[in-house]
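The file data.pdb contains PDB, C-alpha atoms:
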```pdb
ATOM      1  CA  GLN Q   1      -4.992  16.940 -19.228
ATOM      2  CA  VAL Q   2      -3.142  15.162 -16.393
ATOM      3  CA  MET Q   3      -1.249  18.267 -15.220
ATOM      4  CA  LYS Q   4      -2.804  21.367 -13.671
ATOM      5  CA  GLN Q   5      -0.504  24.196 -12.618
ATOM      6  CA  GLN Q   6       2.504  21.854 -12.181
ATOM      7  CA  GLU Q   7       0.443  19.390 -10.137
ATOM      8  CA  ILE Q   8      -0.837  15.986 -11.160
ATOM      9  CA  CYS Q   9      -4.584  15.863 -11.666
ATOM     10  CA  ARG Q  10      -5.571  12.586 -10.011
ATOM     11  CA  THR Q  11      -9.052  12.701 -11.506
ATOM     12  CA  ALA Q  12      -7.626  12.915 -15.026
ATOM     13  CA  ILE Q  13      -5.205  10.062 -14.337
ATOM     14  CA  LYS Q  14      -8.015   7.870 -12.984
ATOM     15  CA  GLN Q  15     -10.037   8.581 -16.113
ATOM     16  CA  LEU Q  16      -7.039   7.896 -18.360
ATOM     17  CA  ILE Q  17      -6.448   4.537 -16.659
ATOM     18  CA  SER Q  18     -10.135   3.675 -16.995
ATOM     19  CA  ASP Q  19     -10.145   4.590 -20.689
ATOM     20  CA  ASP Q  20      -6.814   3.013 -21.726
ATOM     21  CA  SER Q  21      -5.737  -0.370 -20.321
ATOM     22  CA  ALA Q  22      -2.098   0.267 -21.303
ATOM     23  CA  ALA Q  23      -1.951   3.605 -19.459
ATOM     24  CA  LEU Q  24      -1.497   2.038 -16.035
ATOM     25  CA  ARG Q  25       1.524   0.029 -17.188
ATOM     26  CA  GLN Q  26       3.030   3.150 -18.764
ATOM     27  CA  ILE Q  27       2.514   5.150 -15.589
ATOM     28  CA  GLU Q  28       4.000   2.343 -13.482
ATOM     29  CA  LYS Q  29       7.126   2.275 -15.673
ATOM     30  CA  ILE Q  30       7.656   5.932 -14.824
ATOM     31  CA  VAL Q  31       6.619   5.914 -11.172
ATOM     32  CA  HIS Q  32       8.035   2.619  -9.839
ATOM     33  CA  PRO Q  33      11.732   3.473 -10.416
ATOM     34  CA  LEU Q  34      11.218   6.868  -8.773
ATOM     35  CA  VAL Q  35       9.531   5.268  -5.778
ATOM     36  CA  ALA Q  36      12.301   2.648  -5.498
ATOM     37  CA  ARG Q  37      14.952   5.380  -5.542
ATOM     38  CA  ASP Q  38      13.071   7.367  -2.884
ATOM     39  CA  ARG Q  39      12.702   4.238  -0.732
ATOM     40  CA  GLN Q  40      16.440   3.496  -0.972
ATOM     41  CA  LEU Q  41      17.291   7.058   0.020
ATOM     42  CA  PHE Q  42      14.949   6.766   2.997
ATOM     43  CA  ILE Q  43      16.691   3.541   4.102
ATOM     44  CA  GLU Q  44      20.143   5.064   3.753
ATOM     45  CA  GLN Q  45      19.230   8.158   5.785
ATOM     46  CA  ALA Q  46      17.146   6.454   8.476
ATOM     47  CA  GLU Q  47      18.425   6.287  12.017
ATOM     48  CA  GLN Q  48      15.554   4.265  13.480
ATOM     49  CA  ALA Q  49      15.911   0.564  14.293
ATOM     50  CA  VAL Q  50      12.593  -0.332  12.651
ATOM     51  CA  LEU Q  51      11.477   1.135   9.332
ATOM     52  CA  VAL Q  52       7.913   0.966   8.017
ATOM     53  CA  PHE Q  53       6.937   1.163   4.354
ATOM     54  CA  ASP Q  54       3.429   1.579   2.961
ATOM     55  CA  ILE Q  55       3.411  -0.433  -0.267
ATOM     56  CA  PRO Q  56      -0.105  -1.170  -1.559
ATOM     57  CA  LEU Q  57       1.007  -3.493  -4.396
ATOM     58  CA  LEU Q  58       3.808  -5.247  -2.513
ATOM     59  CA  TYR Q  59       2.795  -8.799  -3.410
ATOM     60  CA  GLU Q  60       1.567  -7.884  -6.876
ATOM     61  CA  THR Q  61       5.012  -6.491  -7.728
ATOM     62  CA  HIS Q  62       6.781  -9.425  -6.023
ATOM     63  CA  SER Q  63       8.682  -7.033  -3.769
ATOM     64  CA  GLN Q  64       8.085  -8.770  -0.438
ATOM     65  CA  GLN Q  65      11.536 -10.423  -0.489
ATOM     66  CA  GLN Q  66      13.109  -6.985  -0.006
ATOM     67  CA  PHE Q  67      11.735  -6.775   3.542
ATOM     68  CA  ASP Q  68      12.341  -8.633   6.785
ATOM     69  CA  ALA Q  69       8.625  -8.861   7.564
ATOM     70  CA  VAL Q  70       5.293  -7.829   6.108
ATOM     71  CA  ALA Q  71       2.255  -6.555   7.979
ATOM     72  CA  CYS Q  72      -1.004  -6.603   6.057
ATOM     73  CA  VAL Q  73      -3.374  -3.781   6.979
ATOM     74  CA  TYR Q  74      -6.969  -4.750   6.325
ATOM     75  CA  ILE Q  75     -10.655  -4.297   6.992
ATOM     76  CA  SER Q  76     -13.643  -6.194   5.659
ATOM     77  CA  PRO Q  77     -14.315  -5.679   1.942
ATOM     78  CA  GLU Q  78     -17.664  -4.068   2.782
ATOM     79  CA  GLU Q  79     -16.094  -1.548   5.138
ATOM     80  CA  GLN Q  80     -13.259  -0.882   2.679
ATOM     81  CA  ARG Q  81     -15.802  -0.068  -0.041
ATOM     82  CA  ARG Q  82     -17.820   2.143   2.299
ATOM     83  CA  ARG Q  83     -14.716   4.101   3.358
ATOM     84  CA  VAL Q  84     -13.515   4.635  -0.203
ATOM     85  CA  MET Q  85     -16.954   5.688  -1.441
ATOM     86  CA  ASP Q  86     -17.375   8.061   1.530
ATOM     87  CA  ARG Q  87     -14.181   9.901   0.474
ATOM     88  CA  GLY Q  88     -15.870  10.861  -2.789
ATOM     89  CA  THR Q  89     -12.611  10.587  -4.731
ATOM     90  CA  MET Q  90     -13.586   7.771  -7.099
ATOM     91  CA  THR Q  91     -16.541   5.988  -8.584
ATOM     92  CA  ALA Q  92     -17.582   2.434  -7.754
ATOM     93  CA  ALA Q  93     -16.355   1.385 -11.202
ATOM     94  CA  GLN Q  94     -12.924   2.917 -10.545
ATOM     95  CA  LEU Q  95     -12.712   1.121  -7.209
ATOM     96  CA  ASP Q  96     -13.707  -2.156  -8.847
ATOM     97  CA  TYR Q  97     -10.995  -1.664 -11.470
ATOM     98  CA  ILE Q  98      -8.344  -0.991  -8.822
ATOM     99  CA  LEU Q  99      -9.423  -3.994  -6.773
ATOM    100  CA  SER Q 100      -9.306  -6.193  -9.886
ATOM    101  CA  LYS Q 101      -5.585  -5.383 -10.179
ATOM    102  CA  GLN Q 102      -4.909  -6.370  -6.576
ATOM    103  CA  MET Q 103      -4.408  -9.719  -4.924
ATOM    104  CA  PRO Q 104      -7.393 -10.554  -2.693
ATOM    105  CA  ILE Q 105      -6.875  -9.298   0.848
ATOM    106  CA  ALA Q 106      -7.382 -12.800   2.269
ATOM    107  CA  LYS Q 107      -4.384 -14.015   0.257
ATOM    108  CA  LYS Q 108      -2.288 -11.015   1.335
ATOM    109  CA  ARG Q 109      -3.133 -11.755   4.965
ATOM    110  CA  GLU Q 110      -2.164 -15.379   4.464
ATOM    111  CA  LEU Q 111       1.227 -14.390   3.040
ATOM    112  CA  SER Q 112       1.981 -11.744   5.687
ATOM    113  CA  LEU Q 113       3.736 -12.395   8.972
ATOM    114  CA  TYR Q 114       1.593  -9.782  10.726
ATOM    115  CA  GLN Q 115      -1.965  -8.530  10.241
ATOM    116  CA  ILE Q 116      -3.404  -5.212  11.390
ATOM    117  CA  GLU Q 117      -7.182  -4.874  11.389
ATOM    118  CA  THR Q 118      -8.160  -1.209  11.041
ATOM    119  CA  ASP Q 119     -11.471  -1.422  12.860
ATOM    120  CA  SER Q 120     -10.598   1.177  15.528
ATOM    121  CA  LEU Q 121      -7.663   3.418  16.367
ATOM    122  CA  MET Q 122      -7.177   1.799  19.771
ATOM    123  CA  HIS Q 123      -7.112  -1.692  18.248
ATOM    124  CA  VAL Q 124      -4.646  -0.574  15.563
ATOM    125  CA  MET Q 125      -2.364   0.969  18.178
ATOM    126  CA  ALA Q 126      -2.422  -2.215  20.278
ATOM    127  CA  GLN Q 127      -1.663  -4.397  17.240
ATOM    128  CA  VAL Q 128       1.227  -2.178  16.135
ATOM    129  CA  ALA Q 129       2.659  -2.152  19.677
ATOM    130  CA  ALA Q 130       2.504  -5.969  19.774
ATOM    131  CA  ILE Q 131       4.220  -6.214  16.381
ATOM    132  CA  LEU Q 132       6.999  -3.844  17.448
ATOM    133  CA  GLU Q 133       7.492  -5.828  20.645
ATOM    134  CA  ASP Q 134       7.730  -9.051  18.638
ATOM    135  CA  ILE Q 135      10.293  -7.485  16.298
ATOM    136  CA  ARG Q 136      12.365  -6.202  19.230
ATOM    137  CA  GLU Q 137      12.309  -9.665  20.841
ATOM    138  CA  GLN Q 138      13.436 -11.298  17.604
ATOM    139  CA  VAL Q 139      16.319  -8.856  17.226
ATOM    140  CA  THR Q 140      17.533  -9.323  20.807
ATOM    141  CA  ASP Q 141      17.185 -13.138  20.516
ATOM    142  CA  ALA Q 142      19.193 -13.251  17.268
TER     143      ALA Q 142
END
```
As C-alpha cells, the full file:
Amino acid sequence: QVMKQQEICRTAIKQLISDDSAALRQIEKIVHPLVARDRQLFIEQAEQAVLVFDIPLLYETHSQQQFDAVACVYISPEEQRRRVMDRGTMTAAQLDYILSKQMPIAKKRELSLYQIETDSLMHVMAQVAAILEDIREQVTDA
C-alpha cells in the first residue's frame, strides 16, 4: 500500500521500485509533468533576480539546457553513503539501486559550471556567495 491516510508512504514506494523495475518509470511519468508544472509556476511568480532549483536527476533527464547555469552539489562517495545510511531511511541495497540510476558525480561535476562541496556549512556558504557574485558580474557585464 503506497498511500497511508492521504499521504504517500515512501517506504512502500521504495519497496515497490526495488521489486518492480518498471515501477520507477511509471512513477516518473506521473511525477515529472507535475514537477515541471510546479517549476514553471515558480518561475512565473518569482520576483528574485536569481532562482535556484534542486533537481537531482538534471543530467539524467537531459534538462540542463533549460537553465542558464548548473551548480553540482557533491561530497565524496564515502561520505554520501555514510550520511544516507545515518538517516536510517533506506537500506544499502536501495541506495545502490538509486545510485545505479544516476550519472556518476564526477561526470556531473565535469558538466557543471559551478561545484559546491558540502563538507561544512561555512564552506558551502562561501562557495554559494562566490557563485552568486560571479552570476551578478556576468549579468552586469552583459
Do you have, as CSV, the list of residues of range 3-103 of chain Q lying at most 12 Å from range 120-129 of chain Q, each with its nearest atom pair and that distance in Å to one decimal, counting only C-alpha atoms and ordered by chain then number?
```
residue,atom,partner,partner_atom,distance
Q:Val52,CA,Q:Val128,CA,11.0
Q:Ala71,CA,Q:Val128,CA,9.3
Q:Cys72,CA,Q:Val128,CA,11.2
Q:Val73,CA,Q:Val124,CA,9.3
Q:Tyr74,CA,Q:Val124,CA,10.4
Q:Ile75,CA,Q:Ser120,CA,10.1
```
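Proximity to Glu28 in chain Q was assessed for Q:Leu57, Q:Cys9, Q:Leu41, Q:Ala92 counting all atoms listed in the file; the smallest distance is recorded for Q:Leu57.
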Let me know the residues the PyMOL selection byres ((chain Q and resi 59) around 10) catches in the file above, as a PyMOL selection string.
chain Q and resi 55-58+60-65+70+102-103+107-108+111-112
As an exercise, work out the distance from CA of Tyr114 in chain Q to CA of Gln94 in chain Q in Å and give it to one decimal place.
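Result for CA of Tyr114 in chain Q versus CA of Gln94 in chain Q: 28.7 Å, one decimal.
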As a check of understanding: the span from CA of Glu133 in chain Q to CA of Val35 in chain Q is 28.7 Å
